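**Q** Provided below: model_15.txt, containing compact mmCIF, N, CA and C atoms.
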```
# COMPACT_ATOMS: atom_id res chain seq x y z
N MET A 1 72.29 -11.15 19.48
CA MET A 1 71.44 -10.13 20.05
C MET A 1 70.00 -10.62 20.08
N ASN A 2 69.29 -10.18 21.12
CA ASN A 2 67.90 -10.60 21.26
C ASN A 2 67.01 -9.43 21.68
N VAL A 3 65.73 -9.72 21.85
CA VAL A 3 64.75 -8.69 22.21
C VAL A 3 65.10 -8.06 23.55
N ALA A 4 65.64 -8.84 24.47
CA ALA A 4 66.02 -8.29 25.77
C ALA A 4 67.03 -7.15 25.61
N SER A 5 67.93 -7.25 24.63
CA SER A 5 68.90 -6.19 24.40
C SER A 5 68.23 -4.91 23.90
N ILE A 6 67.18 -5.05 23.12
CA ILE A 6 66.42 -3.88 22.66
C ILE A 6 65.75 -3.22 23.86
N LEU A 7 65.10 -4.01 24.70
CA LEU A 7 64.41 -3.47 25.87
C LEU A 7 65.38 -2.80 26.83
N LYS A 8 66.56 -3.38 26.97
CA LYS A 8 67.57 -2.79 27.85
C LYS A 8 67.97 -1.40 27.36
N GLY A 9 68.09 -1.26 26.04
CA GLY A 9 68.49 0.01 25.46
C GLY A 9 67.39 1.05 25.47
N LYS A 10 66.15 0.64 25.26
CA LYS A 10 65.06 1.62 25.14
C LYS A 10 64.30 1.83 26.44
N GLY A 11 64.49 0.96 27.40
CA GLY A 11 63.76 1.10 28.66
C GLY A 11 62.46 0.34 28.63
N GLY A 12 61.83 0.26 29.77
CA GLY A 12 60.64 -0.56 29.91
C GLY A 12 59.33 0.20 29.88
N ASP A 13 59.36 1.48 29.54
CA ASP A 13 58.11 2.23 29.50
C ASP A 13 57.19 1.69 28.42
N ILE A 14 55.94 1.45 28.79
CA ILE A 14 54.95 0.95 27.85
C ILE A 14 53.78 1.93 27.86
N ILE A 15 53.50 2.51 26.71
CA ILE A 15 52.40 3.44 26.60
C ILE A 15 51.15 2.66 26.25
N THR A 16 50.09 2.88 27.01
CA THR A 16 48.84 2.15 26.80
C THR A 16 47.67 3.11 26.70
N ALA A 17 46.57 2.57 26.21
CA ALA A 17 45.28 3.25 26.21
C ALA A 17 44.26 2.27 26.76
N ASN A 18 43.16 2.79 27.25
CA ASN A 18 42.12 1.95 27.82
C ASN A 18 41.16 1.49 26.73
N ALA A 19 40.66 0.29 26.87
CA ALA A 19 39.72 -0.27 25.89
C ALA A 19 38.44 0.56 25.78
N LYS A 20 38.12 1.34 26.79
CA LYS A 20 36.92 2.17 26.77
C LYS A 20 37.13 3.49 26.02
N ASP A 21 38.38 3.81 25.69
CA ASP A 21 38.69 5.08 25.01
C ASP A 21 38.11 5.13 23.61
N GLU A 22 37.86 6.35 23.17
CA GLU A 22 37.46 6.56 21.78
C GLU A 22 38.71 6.75 20.92
N ILE A 23 38.54 6.58 19.63
CA ILE A 23 39.65 6.70 18.68
C ILE A 23 40.31 8.08 18.79
N THR A 24 39.54 9.13 19.02
CA THR A 24 40.11 10.47 19.14
C THR A 24 41.17 10.51 20.25
N ALA A 25 40.88 9.91 21.39
CA ALA A 25 41.83 9.89 22.51
C ALA A 25 43.09 9.11 22.14
N VAL A 26 42.92 7.99 21.47
CA VAL A 26 44.07 7.17 21.07
C VAL A 26 44.92 7.91 20.04
N ALA A 27 44.28 8.59 19.10
CA ALA A 27 45.03 9.37 18.11
C ALA A 27 45.85 10.44 18.82
N GLY A 28 45.29 11.04 19.87
CA GLY A 28 46.03 12.02 20.66
C GLY A 28 47.25 11.42 21.33
N ILE A 29 47.11 10.21 21.86
CA ILE A 29 48.24 9.52 22.50
C ILE A 29 49.33 9.23 21.48
N LEU A 30 48.93 8.74 20.30
CA LEU A 30 49.91 8.44 19.25
C LEU A 30 50.66 9.70 18.84
N GLY A 31 49.92 10.79 18.62
CA GLY A 31 50.55 12.04 18.20
C GLY A 31 51.44 12.64 19.27
N LYS A 32 50.96 12.68 20.49
CA LYS A 32 51.72 13.27 21.60
C LYS A 32 53.05 12.54 21.81
N ASN A 33 53.02 11.23 21.70
CA ASN A 33 54.21 10.42 21.97
C ASN A 33 55.02 10.09 20.72
N LYS A 34 54.54 10.54 19.56
CA LYS A 34 55.22 10.29 18.29
C LYS A 34 55.50 8.80 18.07
N ILE A 35 54.43 8.02 18.23
CA ILE A 35 54.52 6.58 18.06
C ILE A 35 53.48 6.12 17.04
N GLY A 36 53.64 4.92 16.53
CA GLY A 36 52.76 4.42 15.49
C GLY A 36 51.70 3.44 15.97
N ALA A 37 51.81 2.99 17.22
CA ALA A 37 50.84 2.05 17.76
C ALA A 37 50.85 2.13 19.28
N VAL A 38 49.74 1.70 19.86
CA VAL A 38 49.63 1.70 21.32
C VAL A 38 48.93 0.42 21.75
N LEU A 39 49.34 -0.10 22.90
CA LEU A 39 48.70 -1.28 23.47
C LEU A 39 47.39 -0.86 24.14
N ILE A 40 46.38 -1.68 23.97
CA ILE A 40 45.09 -1.43 24.59
C ILE A 40 44.94 -2.39 25.77
N VAL A 41 44.61 -1.82 26.92
CA VAL A 41 44.46 -2.61 28.15
C VAL A 41 43.08 -2.39 28.75
N ASP A 42 42.67 -3.35 29.59
CA ASP A 42 41.41 -3.17 30.30
C ASP A 42 41.66 -2.44 31.61
N ASP A 43 40.65 -2.34 32.45
CA ASP A 43 40.78 -1.60 33.72
C ASP A 43 41.77 -2.25 34.68
N HIS A 44 42.13 -3.52 34.43
CA HIS A 44 43.07 -4.24 35.28
C HIS A 44 44.45 -4.32 34.65
N GLN A 45 44.68 -3.52 33.61
CA GLN A 45 45.95 -3.45 32.89
C GLN A 45 46.30 -4.73 32.15
N LYS A 46 45.29 -5.55 31.84
CA LYS A 46 45.49 -6.75 31.04
C LYS A 46 45.42 -6.36 29.56
N MET A 47 46.40 -6.82 28.77
CA MET A 47 46.44 -6.48 27.36
C MET A 47 45.26 -7.10 26.63
N MET A 48 44.56 -6.23 25.87
CA MET A 48 43.40 -6.67 25.09
C MET A 48 43.67 -6.61 23.60
N GLY A 49 44.62 -5.75 23.20
CA GLY A 49 44.88 -5.61 21.78
C GLY A 49 45.89 -4.53 21.49
N VAL A 50 46.04 -4.24 20.20
CA VAL A 50 46.94 -3.21 19.71
C VAL A 50 46.18 -2.40 18.67
N ILE A 51 46.37 -1.09 18.70
CA ILE A 51 45.81 -0.26 17.64
C ILE A 51 46.92 0.59 17.05
N SER A 52 46.93 0.67 15.75
CA SER A 52 47.99 1.41 15.05
C SER A 52 47.39 2.53 14.22
N GLU A 53 48.27 3.36 13.72
CA GLU A 53 47.85 4.41 12.79
C GLU A 53 47.12 3.81 11.59
N ARG A 54 47.62 2.69 11.12
CA ARG A 54 46.98 2.00 9.98
C ARG A 54 45.54 1.63 10.29
N ASP A 55 45.29 1.13 11.50
CA ASP A 55 43.93 0.76 11.89
C ASP A 55 43.01 1.98 11.85
N ILE A 56 43.51 3.09 12.34
CA ILE A 56 42.70 4.32 12.37
C ILE A 56 42.43 4.82 10.95
N VAL A 57 43.45 4.80 10.11
CA VAL A 57 43.25 5.22 8.72
C VAL A 57 42.24 4.32 8.02
N ARG A 58 42.33 3.03 8.27
CA ARG A 58 41.37 2.08 7.68
C ARG A 58 39.96 2.41 8.16
N GLY A 59 39.81 2.69 9.45
CA GLY A 59 38.50 3.06 10.00
C GLY A 59 37.97 4.34 9.38
N LEU A 60 38.84 5.32 9.19
CA LEU A 60 38.43 6.58 8.55
C LEU A 60 37.97 6.34 7.12
N SER A 61 38.67 5.47 6.41
CA SER A 61 38.30 5.20 5.02
C SER A 61 36.95 4.50 4.92
N GLU A 62 36.60 3.73 5.94
CA GLU A 62 35.35 2.97 5.91
C GLU A 62 34.15 3.76 6.42
N THR A 63 34.36 4.60 7.46
CA THR A 63 33.22 5.27 8.10
C THR A 63 33.34 6.78 8.18
N GLY A 64 34.41 7.33 7.63
CA GLY A 64 34.60 8.78 7.70
C GLY A 64 34.90 9.24 9.12
N ASP A 65 34.57 10.49 9.41
CA ASP A 65 34.94 11.04 10.71
C ASP A 65 34.14 10.44 11.87
N ALA A 66 33.10 9.69 11.59
CA ALA A 66 32.39 8.98 12.65
C ALA A 66 33.32 8.00 13.36
N CYS A 67 34.32 7.56 12.65
CA CYS A 67 35.32 6.64 13.21
C CYS A 67 35.95 7.22 14.47
N LEU A 68 36.15 8.52 14.51
CA LEU A 68 36.84 9.16 15.63
C LEU A 68 36.07 9.06 16.93
N ARG A 69 34.76 8.82 16.86
CA ARG A 69 33.93 8.71 18.05
C ARG A 69 33.64 7.27 18.45
N THR A 70 34.21 6.31 17.72
CA THR A 70 33.99 4.91 18.06
C THR A 70 34.96 4.46 19.14
N LYS A 71 34.62 3.39 19.81
CA LYS A 71 35.49 2.81 20.83
C LYS A 71 36.67 2.10 20.16
N VAL A 72 37.79 2.16 20.83
CA VAL A 72 39.01 1.59 20.29
C VAL A 72 38.87 0.09 20.01
N THR A 73 38.03 -0.58 20.78
CA THR A 73 37.85 -2.02 20.61
C THR A 73 37.27 -2.37 19.24
N GLU A 74 36.62 -1.41 18.58
CA GLU A 74 36.03 -1.67 17.27
C GLU A 74 37.07 -1.71 16.15
N LEU A 75 38.22 -1.08 16.37
CA LEU A 75 39.25 -1.02 15.33
C LEU A 75 40.53 -1.77 15.67
N MET A 76 40.73 -2.07 16.93
CA MET A 76 42.01 -2.66 17.34
C MET A 76 42.15 -4.09 16.84
N THR A 77 43.38 -4.55 16.80
CA THR A 77 43.68 -5.95 16.54
C THR A 77 43.67 -6.66 17.89
N SER A 78 42.78 -7.63 18.04
CA SER A 78 42.69 -8.32 19.32
C SER A 78 43.45 -9.65 19.33
N ASP A 79 43.72 -10.20 18.16
CA ASP A 79 44.51 -11.43 18.05
C ASP A 79 45.97 -11.00 17.89
N VAL A 80 46.59 -10.65 19.01
CA VAL A 80 47.90 -10.01 18.99
C VAL A 80 49.02 -11.04 18.92
N ILE A 81 49.94 -10.79 18.00
CA ILE A 81 51.15 -11.60 17.89
C ILE A 81 52.17 -11.00 18.83
N THR A 82 52.85 -11.84 19.60
CA THR A 82 53.83 -11.37 20.58
C THR A 82 55.18 -12.04 20.36
N CYS A 83 56.16 -11.54 21.09
CA CYS A 83 57.48 -12.17 21.11
C CYS A 83 57.94 -12.25 22.55
N SER A 84 59.10 -12.85 22.76
CA SER A 84 59.65 -12.96 24.11
C SER A 84 61.03 -12.31 24.16
N PRO A 85 61.51 -11.97 25.34
CA PRO A 85 62.82 -11.33 25.46
C PRO A 85 63.95 -12.19 24.89
N SER A 86 63.78 -13.50 24.86
CA SER A 86 64.84 -14.38 24.37
C SER A 86 64.84 -14.54 22.85
N ASP A 87 63.81 -14.06 22.16
CA ASP A 87 63.78 -14.15 20.70
C ASP A 87 64.93 -13.34 20.11
N THR A 88 65.53 -13.87 19.08
CA THR A 88 66.65 -13.16 18.44
C THR A 88 66.12 -12.05 17.54
N ILE A 89 67.00 -11.12 17.23
CA ILE A 89 66.66 -10.02 16.32
C ILE A 89 66.24 -10.59 14.97
N ASP A 90 66.96 -11.57 14.48
CA ASP A 90 66.62 -12.18 13.19
C ASP A 90 65.23 -12.83 13.22
N GLU A 91 64.91 -13.52 14.32
CA GLU A 91 63.59 -14.14 14.45
C GLU A 91 62.48 -13.09 14.43
N VAL A 92 62.69 -12.01 15.16
CA VAL A 92 61.68 -10.95 15.24
C VAL A 92 61.53 -10.24 13.89
N MET A 93 62.65 -9.99 13.21
CA MET A 93 62.58 -9.37 11.88
C MET A 93 61.80 -10.26 10.92
N ALA A 94 62.06 -11.56 10.96
CA ALA A 94 61.35 -12.49 10.08
C ALA A 94 59.85 -12.52 10.42
N LEU A 95 59.52 -12.54 11.69
CA LEU A 95 58.12 -12.55 12.12
C LEU A 95 57.39 -11.29 11.66
N MET A 96 58.03 -10.14 11.86
CA MET A 96 57.41 -8.88 11.44
C MET A 96 57.21 -8.82 9.93
N THR A 97 58.17 -9.33 9.20
CA THR A 97 58.07 -9.35 7.74
C THR A 97 56.98 -10.31 7.28
N GLN A 98 56.99 -11.51 7.83
CA GLN A 98 56.01 -12.54 7.44
C GLN A 98 54.58 -12.11 7.77
N LYS A 99 54.37 -11.55 8.94
CA LYS A 99 53.03 -11.18 9.39
C LYS A 99 52.62 -9.76 8.97
N ARG A 100 53.59 -9.03 8.37
CA ARG A 100 53.34 -7.66 7.92
C ARG A 100 52.88 -6.76 9.06
N ILE A 101 53.63 -6.84 10.17
CA ILE A 101 53.34 -6.01 11.34
C ILE A 101 54.57 -5.20 11.70
N ARG A 102 54.35 -4.11 12.39
CA ARG A 102 55.44 -3.20 12.74
C ARG A 102 55.66 -3.08 14.24
N HIS A 103 54.81 -3.71 15.04
CA HIS A 103 54.90 -3.58 16.50
C HIS A 103 54.62 -4.93 17.15
N LEU A 104 55.39 -5.23 18.20
CA LEU A 104 55.23 -6.50 18.91
C LEU A 104 55.26 -6.27 20.42
N PRO A 105 54.22 -6.70 21.12
CA PRO A 105 54.32 -6.75 22.58
C PRO A 105 55.31 -7.85 22.97
N VAL A 106 56.04 -7.60 24.02
CA VAL A 106 57.02 -8.57 24.51
C VAL A 106 56.46 -9.18 25.79
N MET A 107 56.27 -10.51 25.78
CA MET A 107 55.68 -11.22 26.90
C MET A 107 56.70 -12.17 27.52
N GLU A 108 56.66 -12.23 28.85
CA GLU A 108 57.52 -13.17 29.57
C GLU A 108 56.73 -13.74 30.73
N GLY A 109 56.56 -15.05 30.74
CA GLY A 109 55.79 -15.69 31.81
C GLY A 109 54.37 -15.20 31.91
N GLY A 110 53.76 -14.87 30.76
CA GLY A 110 52.39 -14.39 30.76
C GLY A 110 52.23 -12.92 31.10
N GLU A 111 53.34 -12.24 31.35
CA GLU A 111 53.30 -10.82 31.71
C GLU A 111 53.87 -9.97 30.58
N LEU A 112 53.28 -8.82 30.39
CA LEU A 112 53.76 -7.85 29.42
C LEU A 112 55.00 -7.16 29.98
N VAL A 113 56.13 -7.26 29.27
CA VAL A 113 57.38 -6.65 29.76
C VAL A 113 57.92 -5.58 28.84
N GLY A 114 57.31 -5.41 27.67
CA GLY A 114 57.79 -4.38 26.75
C GLY A 114 56.96 -4.34 25.49
N PHE A 115 57.31 -3.39 24.63
CA PHE A 115 56.63 -3.20 23.36
C PHE A 115 57.67 -2.66 22.39
N ILE A 116 57.94 -3.40 21.32
CA ILE A 116 58.98 -2.99 20.38
C ILE A 116 58.38 -2.70 19.01
N SER A 117 59.08 -1.86 18.27
CA SER A 117 58.65 -1.53 16.91
C SER A 117 59.72 -1.97 15.92
N ILE A 118 59.37 -1.96 14.66
CA ILE A 118 60.35 -2.28 13.62
C ILE A 118 61.51 -1.29 13.67
N GLY A 119 61.21 -0.05 14.04
CA GLY A 119 62.28 0.95 14.18
C GLY A 119 63.27 0.56 15.26
N ASP A 120 62.78 0.03 16.38
CA ASP A 120 63.67 -0.43 17.45
C ASP A 120 64.55 -1.58 16.96
N VAL A 121 63.94 -2.49 16.22
CA VAL A 121 64.66 -3.67 15.71
C VAL A 121 65.74 -3.25 14.72
N VAL A 122 65.39 -2.37 13.78
CA VAL A 122 66.35 -1.91 12.78
C VAL A 122 67.49 -1.14 13.44
N LYS A 123 67.16 -0.26 14.39
CA LYS A 123 68.20 0.50 15.09
C LYS A 123 69.16 -0.43 15.80
N ASN A 124 68.62 -1.44 16.48
CA ASN A 124 69.47 -2.40 17.18
C ASN A 124 70.37 -3.14 16.21
N ARG A 125 69.81 -3.55 15.08
CA ARG A 125 70.60 -4.28 14.07
C ARG A 125 71.69 -3.40 13.49
N MET A 126 71.37 -2.13 13.21
CA MET A 126 72.36 -1.18 12.68
C MET A 126 73.50 -0.97 13.69
N ASP A 127 73.14 -0.83 14.96
CA ASP A 127 74.16 -0.67 16.00
C ASP A 127 75.07 -1.89 16.05
N GLU A 128 74.48 -3.07 15.91
CA GLU A 128 75.25 -4.31 15.92
C GLU A 128 76.22 -4.36 14.73
N VAL A 129 75.76 -3.98 13.55
CA VAL A 129 76.61 -3.96 12.36
C VAL A 129 77.76 -2.96 12.55
N GLU A 130 77.46 -1.80 13.11
CA GLU A 130 78.51 -0.80 13.35
C GLU A 130 79.56 -1.31 14.34
N ARG A 131 79.10 -2.02 15.40
CA ARG A 131 80.05 -2.60 16.37
C ARG A 131 80.94 -3.65 15.71
N GLU A 132 80.34 -4.48 14.86
CA GLU A 132 81.12 -5.50 14.17
C GLU A 132 82.14 -4.87 13.23
N ALA A 133 81.76 -3.82 12.53
CA ALA A 133 82.68 -3.14 11.61
C ALA A 133 83.82 -2.50 12.40
N ALA A 134 83.53 -1.90 13.53
CA ALA A 134 84.58 -1.29 14.36
C ALA A 134 85.55 -2.35 14.88
N ALA A 135 85.00 -3.49 15.28
CA ALA A 135 85.85 -4.58 15.76
C ALA A 135 86.76 -5.09 14.65
N MET A 136 86.24 -5.18 13.44
CA MET A 136 87.04 -5.64 12.30
C MET A 136 88.15 -4.62 11.99
N ARG A 137 87.81 -3.33 12.03
CA ARG A 137 88.83 -2.29 11.78
C ARG A 137 89.93 -2.35 12.85
N ASP A 138 89.53 -2.54 14.10
CA ASP A 138 90.52 -2.65 15.17
C ASP A 138 91.40 -3.88 14.99
N TYR A 139 90.78 -4.98 14.60
CA TYR A 139 91.53 -6.21 14.38
C TYR A 139 92.55 -6.05 13.26
N ILE A 140 92.10 -5.43 12.16
CA ILE A 140 93.00 -5.22 11.01
C ILE A 140 94.11 -4.25 11.37
N ALA A 141 93.79 -3.19 12.11
CA ALA A 141 94.78 -2.18 12.47
C ALA A 141 95.84 -2.73 13.44
N THR A 142 95.46 -3.68 14.29
CA THR A 142 96.41 -4.22 15.26
C THR A 142 96.99 -5.55 14.82
N GLY A 143 96.45 -6.08 13.72
CA GLY A 143 96.85 -7.40 13.25
C GLY A 143 98.14 -7.39 12.58
```
Give the structure from the file, written as structure tokens.

**A**
Amino acid sequence: MNVASILKGKGGDIITANAKDEITAVAGILGKNKIGAVLIVDDHQKMMGVISERDIVRGLSETGDACLRTKVTELMTSDVITCSPSDTIDEVMALMTQKRIRHLPVMEGGELVGFISIGDVVKNRMDEVEREAAAMRDYIATG
């Protein structure tokens, strides 16, 4: 199984925010969509970074509620780690664990094609384990 299988299952919708947005607007996007991170793009839809709930909490702890009026570019991660559709689930799990990140933009040929979370990866892995167990039960029952 690979990242492409996750994208096939979850669809290609990518929720973004603009780099000019304030943290309040981004927090609204996160809450409305029940997600933990959002990709930040410029006016030409080019990926500039990622901002997560953790980034916002860190900003609040450092500057208080003034953080909510700052531009997203002040808190986002701009050195974004990405993956590709051909990366395996195991490779992505290892990368997320090693880098201590929960979200990965998926890039193919320099283009953004998806955005996955650790929840997507774990769900895919659990589904794979369930399929393997069912196949083993069928094999034993017919064997």

**Q** Give the answer as one residue: which of A:Glu22, A:Arg131, A:Ile15, A:Met136 has the shortest atom-to-atom distance to Ala37 of chain A, using all atoms listed in the file?

**A**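 Closest to Ala37 of chain A of all the choices is A:Ile15.
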
**Q** For Val38 of chain A, which residue out of A:Glu53, A:Glu108, A:Asp127, A:Glu62 is the nearest one, using only N, CA and C atoms?

**A**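 Smallest separation from Val38 of chain A among the options: A:Glu53.
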
**Q** So the first atom is atom CA of Leu7 of chain A and the second is atom CA of Met93 of chain A; what is the distance between them in Å, to one decimal place?

**A**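 Atom CA of Leu7 of chain A sits 15.3 Å away from atom CA of Met93 of chain A.
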
**Q** Could you jot down the atom CA of Glu91 of chain A to atom CA of Val3 of chain A separation for me, Å, one decimal place?

**A**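 So the answer is 9.6 Å.
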
**Q** Name the residues in contact with Leu112 of chain A at a cut-off of 8 Å, using only N, CA and C atoms, excluding same-chain residues fewer than 6 positions from it; report them as an mmCIF file with N, CA and C atoms, in the coordinates of the input.

**A**
```
data_model
loop_
_atom_site.group_PDB
_atom_site.id
_atom_site.type_symbol
_atom_site.label_atom_id
_atom_site.label_comp_id
_atom_site.auth_asym_id
_atom_site.auth_seq_id
_atom_site.Cartn_x
_atom_site.Cartn_y
_atom_site.Cartn_z
ATOM 1 N N MET A 47 46.400 -6.820 28.770
ATOM 2 C CA MET A 47 46.440 -6.480 27.360
ATOM 3 C C MET A 47 45.260 -7.100 26.630
ATOM 4 N N PRO A 105 54.220 -6.700 21.120
ATOM 5 C CA PRO A 105 54.320 -6.750 22.580
ATOM 6 C C PRO A 105 55.310 -7.850 22.970
ATOM 7 N N VAL A 106 56.040 -7.600 24.020
ATOM 8 C CA VAL A 106 57.020 -8.570 24.510
ATOM 9 C C VAL A 106 56.460 -9.180 25.790
#
```
